[in-house]
>>> print(open('input.tsv').read())   # TSV, C-alpha atoms (C1' of nucleotides) and all ligand atoms
chain	number	residue	atom	x	y	z
K	1	MET	CA	0.00	0.00	0.00
K	2	LEU	CA	1.21	3.45	-0.77
K	3	GLN	CA	2.36	5.50	2.07
K	4	PHE	CA	1.14	9.03	2.21
K	5	HIS	CA	2.89	11.78	4.02
K	6	LYS	CA	0.56	14.17	5.66
K	7	GLN	CA	1.64	17.52	4.41
K	8	THR	CA	3.56	18.84	7.35
K	9	ARG	CA	4.96	22.17	8.33
K	10	SER	CA	7.71	20.79	10.52
K	11	PRO	CA	10.99	22.71	9.98
K	12	MET	CA	12.92	19.69	8.65
K	13	ALA	CA	10.45	18.55	6.05
K	14	ALA	CA	11.11	20.84	3.11
K	15	SER	CA	14.86	21.07	3.38
K	16	ARG	CA	15.97	18.07	1.31
K	17	SER	CA	13.11	17.61	-1.20
K	18	ARG	CA	12.87	18.79	-4.83
K	19	PRO	CA	12.95	22.50	-5.68
K	20	PRO	CA	9.91	24.63	-4.77
K	21	PRO	CA	7.16	22.90	-6.75
K	22	ALA	CA	5.94	26.10	-8.35
K	23	PRO	CA	2.66	27.73	-7.23
K	24	PRO	CA	1.01	25.15	-4.93
K	25	ALA	CA	-1.59	24.48	-7.60
K	26	ALA	CA	-4.39	26.17	-5.70
K	27	SER	CA	-7.54	24.10	-5.55
K	28	PRO	CA	-10.76	25.64	-6.87
K	29	ALA	CA	-11.78	26.22	-3.29
K	30	GLN	CA	-8.56	28.03	-2.48
K	31	ALA	CA	-8.86	30.23	-5.52
K	32	LEU	CA	-12.44	31.16	-4.74
K	33	ILE	CA	-11.62	31.99	-1.16
K	34	ALA	CA	-8.50	33.94	-2.01
K	35	ALA	CA	-10.57	36.13	-4.30
K	36	HIS	CA	-12.67	37.20	-1.32
K	37	GLY	CA	-10.35	37.20	1.70
K	38	ARG	CA	-7.99	35.13	3.77
K	39	VAL	CA	-7.36	31.54	2.91
K	40	THR	CA	-7.53	29.39	6.00
K	41	ARG	CA	-7.47	25.69	6.67
K	42	THR	CA	-11.07	25.42	7.77
K	43	ARG	CA	-12.51	27.66	5.08
K	44	VAL	CA	-10.84	25.57	2.42
K	45	ALA	CA	-11.89	22.28	3.95
K	46	VAL	CA	-15.51	23.42	4.34
K	47	LEU	CA	-15.76	24.76	0.82
K	48	ASP	CA	-14.17	21.58	-0.50
K	49	SER	CA	-16.95	19.61	1.13
K	50	LEU	CA	-19.63	21.83	-0.31
K	51	LEU	CA	-18.16	21.71	-3.79
K	52	ALA	CA	-17.84	17.95	-3.64
K	53	SER	CA	-21.47	17.47	-2.61
K	54	HIS	CA	-24.35	17.43	-5.03
K	55	GLN	CA	-26.85	18.37	-2.38
K	56	PRO	CA	-26.99	20.88	0.46
K	57	LEU	CA	-25.30	19.76	3.66
K	58	ASN	CA	-26.05	20.69	7.24
K	59	HIS	CA	-23.44	21.39	9.85
K	60	ASP	CA	-23.38	17.81	11.05
K	61	GLN	CA	-22.83	16.39	7.61
K	62	ILE	CA	-20.06	18.86	6.95
K	63	ALA	CA	-18.42	18.01	10.25
K	64	ALA	CA	-18.55	14.36	9.27
K	65	GLU	CA	-16.84	15.10	5.96
K	66	LEU	CA	-14.13	17.05	7.71
K	67	ALA	CA	-13.64	14.36	10.32
K	68	ALA	CA	-13.12	11.85	7.52
K	69	THR	CA	-10.01	13.72	6.41
K	70	GLY	CA	-8.41	13.14	9.77
K	71	GLU	CA	-7.79	16.81	10.48
K	72	HIS	CA	-9.51	18.37	13.44
K	73	HIS	CA	-11.74	21.38	12.89
K	74	ASP	CA	-13.35	23.27	15.71
K	75	ARG	CA	-17.15	23.33	15.74
K	76	VAL	CA	-17.38	27.07	16.20
K	77	THR	CA	-14.81	27.75	13.52
K	78	VAL	CA	-16.84	25.71	11.07
K	79	TYR	CA	-19.93	27.75	11.88
K	80	ARG	CA	-17.94	30.90	11.35
K	81	ALA	CA	-16.45	29.67	8.10
K	82	LEU	CA	-19.95	28.89	6.82
K	83	ASP	CA	-21.22	32.32	7.85
K	84	TRP	CA	-18.34	33.91	6.01
K	85	LEU	CA	-18.83	31.89	2.86
K	86	VAL	CA	-22.48	32.93	2.81
K	87	GLU	CA	-21.60	36.59	3.40
K	88	GLN	CA	-19.23	36.44	0.47
K	89	GLY	CA	-21.84	34.90	-1.75
K	90	ILE	CA	-19.73	31.79	-2.21
K	91	ALA	CA	-22.24	29.58	-0.41
K	92	ALA	CA	-25.99	29.74	0.17
K	93	ARG	CA	-27.92	28.99	3.31
K	94	ILE	CA	-31.10	26.94	2.96
K	95	ALA	CA	-33.70	26.49	5.68
K	96	GLY	CA	-34.32	22.81	6.33
K	97	SER	CA	-37.50	21.28	7.65
K	98	ASP	CA	-35.69	20.30	10.79
K	99	ARG	CA	-34.31	23.45	12.28
K	100	ALA	CA	-30.75	23.11	11.08
K	101	TRP	CA	-29.48	25.22	8.20
K	102	LYS	CA	-28.19	23.52	5.13
K	103	PHE	CA	-25.46	24.95	2.94
K	104	GLU	CA	-24.48	24.58	-0.67
K	105	ALA	CA	-21.86	26.08	-2.92
K	106	VAL	CA	-23.33	28.70	-5.22
K	107	ARG	CA	-22.62	27.60	-8.76
K	108	ARG	CA	-22.36	30.39	-11.30
K	109	GLY	CA	-24.92	32.41	-9.40
K	110	HIS	CA	-27.50	29.88	-10.45
K	111	ARG	CA	-30.62	29.87	-8.29
K	112	HIS	CA	-32.91	26.88	-8.29
K	113	ALA	CA	-35.75	25.27	-6.39
K	114	HIS	CA	-35.24	22.66	-3.69
K	115	PHE	CA	-37.13	19.55	-2.81
K	116	HIS	CA	-37.31	18.66	0.88
K	117	CYS	CA	-37.89	14.99	1.53
K	118	ASP	CA	-40.08	14.50	4.59
K	119	THR	CA	-38.91	10.92	4.92
K	120	CYS	CA	-35.12	10.98	4.75
K	121	GLY	CA	-34.72	14.68	5.49
K	122	ARG	CA	-32.50	15.32	2.48
K	123	VAL	CA	-32.78	18.45	0.41
K	124	LEU	CA	-32.38	17.85	-3.31
K	125	CYS	CA	-31.51	20.52	-5.81
K	126	LEU	CA	-33.89	20.82	-8.73
K	127	GLU	CA	-31.66	22.61	-11.18
K	128	ALA	CA	-33.98	21.78	-14.03
K	129	VAL	CA	-37.25	22.97	-12.54
K	130	GLU	CA	-37.93	26.41	-13.92
K	131	PRO	CA	-40.63	27.65	-11.60
K	132	ALA	CA	-42.08	30.42	-13.73
K	133	ILE	CA	-43.09	32.30	-10.66
K	134	ALA	CA	-45.23	35.22	-11.59
K	135	VAL	CA	-45.53	37.11	-8.36
K	136	ALA	CA	-47.74	40.13	-8.22
K	137	LEU	CA	-46.70	41.58	-4.90
K	138	PRO	CA	-48.84	44.33	-3.36
K	139	GLU	CA	-47.48	47.89	-3.12
K	140	GLY	CA	-44.81	48.63	-0.59
K	141	PHE	CA	-42.96	45.36	-0.40
K	142	ARG	CA	-39.32	45.26	-1.43
K	143	LEU	CA	-38.68	41.79	-2.79
K	144	GLU	CA	-35.18	40.44	-2.31
K	145	GLN	CA	-35.59	36.80	-3.21
K	146	ALA	CA	-38.31	34.36	-4.24
K	147	GLU	CA	-37.79	30.72	-3.46
K	148	LEU	CA	-39.87	27.75	-4.38
K	149	VAL	CA	-39.91	25.09	-1.70
K	150	LEU	CA	-41.25	21.67	-2.58
K	151	ARG	CA	-42.06	19.02	-0.01
K	152	GLY	CA	-42.86	15.33	-0.25
K	153	ALA	CA	-40.97	12.12	-0.84
K	154	CYS	CA	-37.80	11.92	-2.88
K	155	PRO	CA	-37.54	9.19	-5.56
K	156	ASP	CA	-35.61	6.88	-3.23
K	157	CYS	CA	-38.10	7.19	-0.42
K	158	ALA	CA	-41.12	7.14	-2.72
K	159	ARG	CA	-39.95	3.85	-4.25
K	160	ASN	CA	-39.52	2.08	-0.92
K	161	GLY	CA	-42.56	2.45	1.30
K	162	GLU	CA	-45.02	3.22	-1.52
K	163	ARG	CA	-47.40	5.60	0.16
N	1	MET	CA	-71.90	47.42	29.20
N	2	LEU	CA	-72.79	43.78	29.34
N	3	GLN	CA	-71.32	41.80	32.11
N	4	PHE	CA	-69.75	38.45	31.27
N	5	HIS	CA	-69.30	35.67	33.72
N	6	LYS	CA	-66.11	33.83	33.28
N	7	GLN	CA	-67.27	30.30	32.92
N	8	THR	CA	-66.26	28.70	36.19
N	9	ARG	CA	-66.19	25.19	37.49
N	10	SER	CA	-66.18	26.02	41.19
N	11	PRO	CA	-68.60	23.74	43.06
N	12	MET	CA	-70.75	26.55	44.45
N	13	ALA	CA	-71.20	28.49	41.28
N	14	ALA	CA	-73.88	26.55	39.46
N	15	SER	CA	-76.05	25.60	42.39
N	16	ARG	CA	-78.30	28.66	42.76
N	17	SER	CA	-78.22	30.20	39.28
N	18	ARG	CA	-80.63	29.82	36.37
N	19	PRO	CA	-81.32	26.41	34.89
N	20	PRO	CA	-78.47	24.79	32.90
N	21	PRO	CA	-77.86	27.52	30.30
N	22	ALA	CA	-78.07	25.14	27.37
N	23	PRO	CA	-74.93	24.22	25.36
N	24	PRO	CA	-72.23	26.63	26.60
N	25	ALA	CA	-72.19	28.46	23.27
N	26	ALA	CA	-68.95	26.87	22.11
N	27	SER	CA	-66.48	29.31	20.62
N	28	PRO	CA	-65.29	28.67	17.07
N	29	ALA	CA	-62.07	27.30	18.50
N	30	GLN	CA	-63.93	24.90	20.79
N	31	ALA	CA	-66.09	23.66	17.96
N	32	LEU	CA	-63.10	23.07	15.69
N	33	ILE	CA	-61.22	21.22	18.38
N	34	ALA	CA	-64.21	19.14	19.46
N	35	ALA	CA	-64.58	17.96	15.89
N	36	HIS	CA	-61.10	16.44	16.05
N	37	GLY	CA	-60.58	15.30	19.65
N	38	ARG	CA	-60.55	16.38	23.24
N	39	VAL	CA	-61.26	19.94	24.17
N	40	THR	CA	-58.73	21.21	26.66
N	41	ARG	CA	-57.95	24.56	28.18
N	42	THR	CA	-54.62	25.03	26.43
N	43	ARG	CA	-55.75	23.82	23.04
N	44	VAL	CA	-58.62	26.27	23.07
N	45	ALA	CA	-56.48	29.15	24.27
N	46	VAL	CA	-53.80	28.48	21.66
N	47	LEU	CA	-56.25	28.17	18.80
N	48	ASP	CA	-57.99	31.32	19.96
N	49	SER	CA	-54.69	33.16	19.63
N	50	LEU	CA	-54.06	31.80	16.17
N	51	LEU	CA	-57.55	32.62	14.98
N	52	ALA	CA	-57.31	36.13	16.38
N	53	SER	CA	-54.02	36.83	14.62
N	54	HIS	CA	-53.70	37.93	11.03
N	55	GLN	CA	-50.17	36.67	10.72
N	56	PRO	CA	-48.29	33.54	11.77
N	57	LEU	CA	-47.09	33.52	15.37
N	58	ASN	CA	-44.12	31.80	16.89
N	59	HIS	CA	-44.15	30.08	20.24
N	60	ASP	CA	-42.99	33.16	22.08
N	61	GLN	CA	-45.70	35.34	20.63
N	62	ILE	CA	-48.34	32.76	21.44
N	63	ALA	CA	-47.06	32.47	24.98
N	64	ALA	CA	-47.32	36.24	25.29
N	65	GLU	CA	-50.94	36.15	24.12
N	66	LEU	CA	-51.76	33.46	26.62
N	67	ALA	CA	-49.99	35.26	29.43
N	68	ALA	CA	-52.11	38.32	28.68
N	69	THR	CA	-55.24	36.38	29.61
N	70	GLY	CA	-53.90	35.83	33.11
N	71	GLU	CA	-54.20	32.07	32.95
N	72	HIS	CA	-51.03	30.03	33.23
N	73	HIS	CA	-50.16	27.62	30.45
N	74	ASP	CA	-47.20	25.28	30.62
N	75	ARG	CA	-44.55	25.76	27.95
N	76	VAL	CA	-44.43	22.09	27.01
N	77	THR	CA	-48.19	21.82	26.89
N	78	VAL	CA	-48.33	24.70	24.45
N	79	TYR	CA	-45.78	22.97	22.22
N	80	ARG	CA	-47.85	19.82	22.37
N	81	ALA	CA	-51.07	21.65	21.65
N	82	LEU	CA	-49.47	23.21	18.58
N	83	ASP	CA	-48.17	19.85	17.39
N	84	TRP	CA	-51.63	18.42	17.76
N	85	LEU	CA	-53.34	21.26	15.94
N	86	VAL	CA	-50.93	20.80	13.05
N	87	GLU	CA	-51.45	17.03	13.00
N	88	GLN	CA	-55.18	17.60	12.82
N	89	GLY	CA	-54.81	20.03	9.97
N	90	ILE	CA	-56.30	22.82	12.04
N	91	ALA	CA	-53.07	24.80	12.08
N	92	ALA	CA	-50.07	25.03	9.77
N	93	ARG	CA	-46.41	25.17	10.69
N	94	ILE	CA	-44.24	27.65	8.81
N	95	ALA	CA	-40.45	27.70	8.87
N	96	GLY	CA	-39.16	31.11	9.81
N	97	SER	CA	-35.81	32.61	8.90
N	98	ASP	CA	-34.81	32.49	12.51
N	99	ARG	CA	-35.05	28.91	13.62
N	100	ALA	CA	-38.37	29.12	15.42
N	101	TRP	CA	-41.48	27.69	13.83
N	102	LYS	CA	-44.40	29.95	13.22
N	103	PHE	CA	-48.00	28.78	13.31
N	104	GLU	CA	-51.22	29.97	11.77
N	105	ALA	CA	-54.78	28.75	11.71
N	106	VAL	CA	-55.66	27.07	8.44
N	107	ARG	CA	-58.58	28.98	6.97
N	108	ARG	CA	-60.89	27.02	4.73
N	109	GLY	CA	-57.96	24.88	3.60
N	110	HIS	CA	-56.65	27.92	1.79
N	111	ARG	CA	-52.93	27.78	1.03
N	112	HIS	CA	-51.04	30.94	0.22
N	113	ALA	CA	-47.56	32.37	-0.12
N	114	HIS	CA	-45.72	34.07	2.72
N	115	PHE	CA	-43.44	37.03	2.82
N	116	HIS	CA	-40.59	36.89	5.34
N	117	CYS	CA	-39.33	40.30	6.37
N	118	ASP	CA	-35.58	40.21	6.93
N	119	THR	CA	-35.76	43.40	8.95
N	120	CYS	CA	-38.51	42.90	11.52
N	121	GLY	CA	-38.67	39.12	11.25
N	122	ARG	CA	-42.42	39.03	10.72
N	123	VAL	CA	-44.05	36.65	8.31
N	124	LEU	CA	-46.92	38.17	6.35
N	125	CYS	CA	-49.58	36.18	4.59
N	126	LEU	CA	-50.07	36.99	0.94
N	127	GLU	CA	-53.52	35.63	0.42
N	128	ALA	CA	-53.87	37.48	-2.86
N	129	VAL	CA	-50.66	36.39	-4.54
N	130	GLU	CA	-51.51	33.55	-6.88
N	131	PRO	CA	-48.10	32.19	-7.66
N	132	ALA	CA	-48.88	30.32	-10.84
N	133	ILE	CA	-46.27	27.78	-10.04
N	134	ALA	CA	-45.75	25.53	-13.00
N	135	VAL	CA	-43.59	22.81	-11.58
N	136	ALA	CA	-42.33	20.12	-13.87
N	137	LEU	CA	-40.90	17.70	-11.37
N	138	PRO	CA	-38.68	14.87	-12.65
N	139	GLU	CA	-39.92	11.27	-12.48
N	140	GLY	CA	-40.07	9.58	-9.14
N	141	PHE	CA	-40.80	12.46	-6.83
N	142	ARG	CA	-44.05	12.44	-4.88
N	143	LEU	CA	-45.01	16.05	-4.35
N	144	GLU	CA	-46.93	16.81	-1.20
N	145	GLN	CA	-46.81	20.57	-1.08
N	146	ALA	CA	-45.37	23.47	-3.04
N	147	GLU	CA	-44.72	26.65	-1.17
N	148	LEU	CA	-43.57	29.98	-2.41
N	149	VAL	CA	-41.33	31.79	0.04
N	150	LEU	CA	-40.64	35.46	-0.53
N	151	ARG	CA	-37.96	37.40	1.31
N	152	GLY	CA	-37.18	41.07	1.60
N	153	ALA	CA	-38.55	44.07	3.45
N	154	CYS	CA	-42.19	44.41	4.43
N	155	PRO	CA	-43.98	47.68	3.64
N	156	ASP	CA	-43.41	49.03	7.15
N	157	CYS	CA	-39.71	48.28	7.14
N	158	ALA	CA	-39.25	49.35	3.52
N	159	ARG	CA	-40.80	52.75	4.27
N	160	ASN	CA	-38.52	53.50	7.21
N	161	GLY	CA	-34.86	52.94	6.38
N	162	GLU	CA	-35.26	53.26	2.62
N	163	ARG	CA	-32.58	50.87	1.40
I	1	DG	C1'	13.34	36.45	4.76
I	2	DG	C1'	11.28	38.84	9.21
I	3	DA	C1'	8.09	42.01	11.86
I	4	DC	C1'	3.60	43.54	12.34
I	5	DA	C1'	-1.40	44.24	12.77
I	6	DA	C1'	-5.76	42.81	11.36
I	7	DG	C1'	-8.20	38.88	11.14
I	8	DA	C1'	-9.23	34.07	12.31
I	9	DT	C1'	-9.21	30.39	15.66
I	10	DG	C1'	-10.18	27.57	19.82
I	11	DC	C1'	-11.86	27.37	24.06
I	12	DT	C1'	-15.57	27.66	27.48
I	13	DA	C1'	-19.96	29.57	28.49
I	14	DC	C1'	-24.30	30.67	27.29
I	15	DA	C1'	-28.80	31.19	24.57
I	16	DA	C1'	-32.77	29.72	22.07
I	17	DT	C1'	-35.92	26.34	20.80
I	18	DG	C1'	-37.67	22.07	21.30
I	19	DT	C1'	-38.31	17.06	23.20
I	20	DT	C1'	-38.62	13.06	26.51
I	21	DG	C1'	-40.13	10.43	30.52
I	22	DC	C1'	-43.19	9.84	33.88
I	23	DA	C1'	-46.36	10.56	37.78
I	24	DA	C1'	-50.55	13.20	38.55
I	25	DT	C1'	-54.66	15.14	36.57
I	26	DT	C1'	-58.50	15.84	33.40
I	27	DC	C1'	-61.89	14.68	29.94
I	28	DC	C1'	-65.73	12.41	28.41
I	29	DA	C1'	-68.30	8.02	26.99
I	30	DT	C1'	-70.66	5.06	29.67
X	1	DA	C1'	-70.79	9.54	39.05
X	2	DT	C1'	-67.08	6.42	37.44
X	3	DG	C1'	-63.05	4.60	35.09
X	4	DG	C1'	-59.67	4.45	31.81
X	5	DA	C1'	-57.38	6.68	28.16
X	6	DA	C1'	-55.70	11.08	26.87
X	7	DT	C1'	-53.53	15.13	28.50
X	8	DT	C1'	-50.83	17.87	31.56
X	9	DG	C1'	-46.98	19.67	34.41
X	10	DC	C1'	-42.53	19.45	35.74
X	11	DA	C1'	-37.61	18.62	35.53
X	12	DA	C1'	-34.07	16.95	32.85
X	13	DC	C1'	-32.06	16.63	28.48
X	14	DA	C1'	-31.00	17.49	23.31
X	15	DT	C1'	-29.83	20.15	19.36
X	16	DT	C1'	-28.29	24.02	17.01
X	17	DG	C1'	-26.17	27.99	17.16
X	18	DT	C1'	-23.56	32.57	19.47
X	19	DA	C1'	-20.60	35.54	22.49
X	20	DG	C1'	-16.32	36.84	24.71
X	21	DC	C1'	-11.74	36.78	24.80
X	22	DA	C1'	-6.88	35.24	24.90
X	23	DT	C1'	-3.90	33.21	21.39
X	24	DC	C1'	-2.32	32.03	16.90
X	25	DT	C1'	-2.14	32.87	11.52
X	26	DT	C1'	-2.06	35.18	7.33
X	27	DG	C1'	-0.86	38.38	4.14
X	28	DT	C1'	1.78	42.59	3.53
X	29	DC	C1'	5.41	45.75	3.67
X	30	DC	C1'	10.17	46.46	4.24
E	1	MN	MN	-29.38	23.55	-4.49
E	2	MN	MN	-50.44	32.64	6.11
E	3	ZN	ZN	-36.01	10.79	0.86
E	4	ZN	ZN	-40.66	44.23	8.45
>>> encode(input="input.tsv", output="structure tokens")
Amino acid sequence: MLQFHKQTRSPMAASRSRPPPAPPAASPAQALIAAHGRVTRTRVAVLDSLLASHQPLNHDQIAAELAATGEHHDRVTVYRALDWLVEQGIAARIAGSDRAWKFEAVRRGHRHAHFHCDTCGRVLCLEAVEPAIAVALPEGFRLEQAELVLRGACPDCARNGER
Amino acid sequence: MLQFHKQTRSPMAASRSRPPPAPPAASPAQALIAAHGRVTRTRVAVLDSLLASHQPLNHDQIAAELAATGEHHDRVTVYRALDWLVEQGIAARIAGSDRAWKFEAVRRGHRHAHFHCDTCGRVLCLEAVEPAIAVALPEGFRLEQAELVLRGACPDCARNGER
DNA sequence: GGACAAGATGCTACAATGTTGCAATTCCAT
DNA sequence: ATGGAATTGCAACATTGTAGCATCTTGTCC
């Protein structure tokens, strides 16, 4: 089995290896973050998780992803990283039907509807569903965002337990 | 001004008064509840609050209403009454942008969109807005409910603090 | 490269919103 | 009026998120 070296910052490590391997080949996450502010370990790890997922993740699920990498990430720091990503418009916050926020990477500013499965609790992105929402809002309101929330059973859950 | 007698159950009260005053003129709340199950003090009080309100209320707001009547209602019992009302289809649960549920009485089974004010946190019912949601859901999903969630500033908040 | 200051992190508490278990009480069909 | 099932009240616990603050990092400027 291959042996991996955890990338380490210990003073000895770099001294004998090959010449500086050029720009560290910034990951997409790193590039995105750098464009908006400081690049930190937890921000990168969190955004990596979001980018790798095809559905919105809650804090627990993200923590699980991070734990899988072996590195430790503080709970509070993860919350703060998520807040920051949302502030920067890099991620979006989605209200779940439990009372935990879910987060997803914003892809090319593309907004879409979400389907909340009452059975498994997952939130699925419906990139294809073009809602054609024709809202005629009364005078006085300032509309910031319109979101279509669908509830029911996802294909997986609908197939098992018919009904 | 007319004088109302609080309906009392004290042993002395009924003994000398007029003959049994017929059915106690059940309030709308009492009637609704009786049609679905047991009529209890807290269920009636909670539903009264919801029926009296023109916008969805969270637990805190409901508790405040109840407190105003002078009667004490246990926190947990109120939660359970709300759960029950929702189960029975008498009330609806609405996810707020904070993480507290809001509740409203279901009127004639009428579903409508809601506007969440980011500034004052209120949720306003938009009974008039007919969303014309044309959802083309992919195969396999079982759709239970489609809800249109609007966010921004309500007329009050938009007027003050323009922008 | 090294020093510096703003910004980010890691604790430990704390807050807000519900939920669970269980003994005591209430409701309502007989 | 009675009895048994449904409901309540209370105290403890769970989940999800925030605040304060001392310490450590990051990016920048020399
Ligand atoms: Mn999505
Ligand atoms: Mn409403
Ligand atoms: Zn599902
Ligand atoms: Zn407002």
>>> closest_residue(input="input.tsv", among="N:Glu65, N:Glu147, N:Asp98, N:Asp60", to="Ala113 of chain N", atoms="all atoms listed in the file")
N:Glu147
>>> residues_near_ligand(input="input.tsv", ligand="ligand ZN 3 (chain E)", cutoff="8 Å", atoms="all atoms listed in the file", output="list in words")
His116, Cys117, Asp118, Thr119, Cys120, Gly121, Arg122, Ala153, Cys154, Pro155, Asp156, Cys157 and Ala158 of chain K
>>> atom_distance(input="input.tsv", atom1="atom CA of Arg111 of chain N", atom2="atom CA of Ile94 of chain N")
11.7 Å
>>> closest_residue(input="input.tsv", among="K:Ala52, K:Ala100, K:Ser27, K:Gln61", to="DT15 of chain X", atoms="only C-alpha atoms (C1' of nucleotides)")
K:Ala100
>>> closest_atom_pairs(input="input.tsv", of="chain N", to="chain K", cutoff="9 Å", atoms="only C-alpha atoms", output="Markdown table")
| residue | atom | partner | partner_atom | distance |
| --- | --- | --- | --- | --- |
| N:Ala95 | CA | K:Ser97 | CA | 7.2 |
| N:Gly96 | CA | K:Ala95 | CA | 8.3 |
| N:Ser97 | CA | K:Ala95 | CA | 7.2 |
| N:Arg99 | CA | K:Arg99 | CA | 5.7 |
| N:Ala100 | CA | K:Arg99 | CA | 7.6 |
| N:Trp101 | CA | K:Arg99 | CA | 8.5 |
| N:Phe115 | CA | K:Leu143 | CA | 8.8 |
| N:Leu126 | CA | K:Leu137 | CA | 8.2 |
| N:Ala128 | CA | K:Leu137 | CA | 8.5 |
| N:Val129 | CA | K:Ala136 | CA | 6.0 |
| N:Glu130 | CA | K:Val135 | CA | 7.1 |
| N:Pro131 | CA | K:Val135 | CA | 5.6 |
| N:Ala132 | CA | K:Ile133 | CA | 6.1 |
| N:Ile133 | CA | K:Ile133 | CA | 5.6 |
| N:Ala134 | CA | K:Pro131 | CA | 5.7 |
| N:Val135 | CA | K:Pro131 | CA | 5.7 |
| N:Ala136 | CA | K:Val129 | CA | 6.0 |
| N:Leu137 | CA | K:Val129 | CA | 6.5 |
| N:Pro138 | CA | K:Val129 | CA | 8.2 |
| N:Glu139 | CA | K:Pro155 | CA | 7.6 |
| N:Gly140 | CA | K:Pro155 | CA | 4.4 |
| N:Phe141 | CA | K:Pro155 | CA | 4.8 |
| N:Arg142 | CA | K:Ala153 | CA | 5.1 |
| N:Leu143 | CA | K:Gly152 | CA | 4.7 |
| N:Glu144 | CA | K:Gly152 | CA | 4.4 |
| N:Gln145 | CA | K:Arg151 | CA | 5.1 |
| N:Ala146 | CA | K:Leu150 | CA | 4.5 |
| N:Glu147 | CA | K:Val149 | CA | 5.1 |
| N:Leu148 | CA | K:Leu148 | CA | 4.7 |
| N:Val149 | CA | K:Glu147 | CA | 5.1 |
| N:Leu150 | CA | K:Ala146 | CA | 4.5 |
| N:Arg151 | CA | K:Gln145 | CA | 5.1 |
| N:Gly152 | CA | K:Glu144 | CA | 4.4 |
| N:Ala153 | CA | K:Arg142 | CA | 5.1 |
| N:Cys154 | CA | K:Phe141 | CA | 5.0 |
| N:Pro155 | CA | K:Gly140 | CA | 4.4 |
| N:Asp156 | CA | K:Gly140 | CA | 7.9 |
| N:Cys157 | CA | K:Phe141 | CA | 8.7 |
| N:Ala158 | CA | K:Arg142 | CA | 6.4 |
| N:Arg159 | CA | K:Gly140 | CA | 7.5 |
>>> atom_distance(input="input.tsv", atom1="atom CA of Glu87 of chain K", atom2="atom C1' of DC29 of chain X")
28.5 Å
>>> decode(input="input.tsv", residues="segment 13-23 of chain I", atoms="N, CA, C and O atoms (P, O5', C5', C4', C3', O3' and C1' of nucleotides)", output="short mmCIF file (atom, residue, chain, number, x, y, z; two decimals), in the first residue's frame")
data_model
loop_
_atom_site.label_atom_id
_atom_site.label_comp_id
_atom_site.auth_asym_id
_atom_site.auth_seq_id
_atom_site.Cartn_x
_atom_site.Cartn_y
_atom_site.Cartn_z
P DA I 13 -16.43 26.26 31.34
"O5'" DA I 13 -17.49 27.46 31.47
"C5'" DA I 13 -18.16 27.80 30.33
"C4'" DA I 13 -18.67 29.21 30.40
"C3'" DA I 13 -20.13 29.24 30.86
"O3'" DA I 13 -20.47 30.50 31.40
"C1'" DA I 13 -19.96 29.57 28.49
P DC I 14 -21.93 30.65 32.07
"O5'" DC I 14 -22.89 30.97 30.84
"C5'" DC I 14 -22.60 32.12 30.06
"C4'" DC I 14 -23.52 32.15 28.86
"C3'" DC I 14 -25.00 31.89 29.18
"O3'" DC I 14 -25.72 33.02 28.76
"C1'" DC I 14 -24.30 30.67 27.29
P DA I 15 -27.31 33.13 29.05
"O5'" DA I 15 -27.94 33.00 27.60
"C5'" DA I 15 -27.31 33.63 26.49
"C4'" DA I 15 -28.14 33.32 25.27
"C3'" DA I 15 -29.63 33.17 25.59
"O3'" DA I 15 -30.34 33.82 24.57
"C1'" DA I 15 -28.80 31.19 24.57
P DA I 16 -31.92 34.01 24.70
"O5'" DA I 16 -32.46 33.05 23.57
"C5'" DA I 16 -31.77 33.00 22.34
"C4'" DA I 16 -32.35 31.93 21.47
"C3'" DA I 16 -33.86 31.76 21.63
"O3'" DA I 16 -34.34 31.55 20.33
"C1'" DA I 16 -32.77 29.72 22.07
P DT I 17 -35.94 31.55 20.09
"O5'" DT I 17 -36.24 29.99 20.00
"C5'" DT I 17 -35.76 29.29 18.86
"C4'" DT I 17 -35.98 27.82 19.07
"C3'" DT I 17 -37.43 27.42 19.40
"O3'" DT I 17 -37.81 26.43 18.47
"C1'" DT I 17 -35.92 26.34 20.80
P DG I 18 -39.38 26.37 18.05
"O5'" DG I 18 -39.87 25.01 18.64
"C5'" DG I 18 -39.28 24.50 19.77
"C4'" DG I 18 -38.58 23.18 19.47
"C3'" DG I 18 -39.46 21.98 19.74
"O3'" DG I 18 -39.14 20.89 18.90
"C1'" DG I 18 -37.67 22.07 21.30
P DT I 19 -40.08 19.57 18.95
"O5'" DT I 19 -39.43 18.64 20.07
"C5'" DT I 19 -38.07 18.27 19.94
"C4'" DT I 19 -37.77 17.16 20.93
"C3'" DT I 19 -38.88 16.13 21.12
"O3'" DT I 19 -38.21 14.89 21.19
"C1'" DT I 19 -38.31 17.06 23.20
P DT I 20 -38.97 13.49 21.25
"O5'" DT I 20 -38.64 12.84 22.68
"C5'" DT I 20 -37.40 13.12 23.29
"C4'" DT I 20 -37.34 12.44 24.65
"C3'" DT I 20 -38.37 11.35 24.91
"O3'" DT I 20 -37.73 10.33 25.67
"C1'" DT I 20 -38.62 13.06 26.51
P DG I 21 -38.41 8.91 25.87
"O5'" DG I 21 -38.56 8.86 27.45
"C5'" DG I 21 -37.72 9.68 28.28
"C4'" DG I 21 -38.10 9.50 29.74
"C3'" DG I 21 -39.08 8.37 30.04
"O3'" DG I 21 -38.79 7.93 31.36
"C1'" DG I 21 -40.13 10.43 30.52
P DC I 22 -39.52 6.64 31.99
"O5'" DC I 22 -40.56 7.29 33.02
"C5'" DC I 22 -40.09 8.26 33.95
"C4'" DC I 22 -41.26 8.86 34.70
"C3'" DC I 22 -42.44 7.90 34.89
"O3'" DC I 22 -43.02 8.16 36.16
"C1'" DC I 22 -43.19 9.84 33.88
P DA I 23 -43.81 6.95 36.95
"O5'" DA I 23 -44.28 7.67 38.28
"C5'" DA I 23 -43.56 8.79 38.79
"C4'" DA I 23 -44.53 9.92 39.11
"C3'" DA I 23 -45.82 9.47 39.79
"O3'" DA I 23 -46.17 10.45 40.76
"C1'" DA I 23 -46.36 10.56 37.78
#
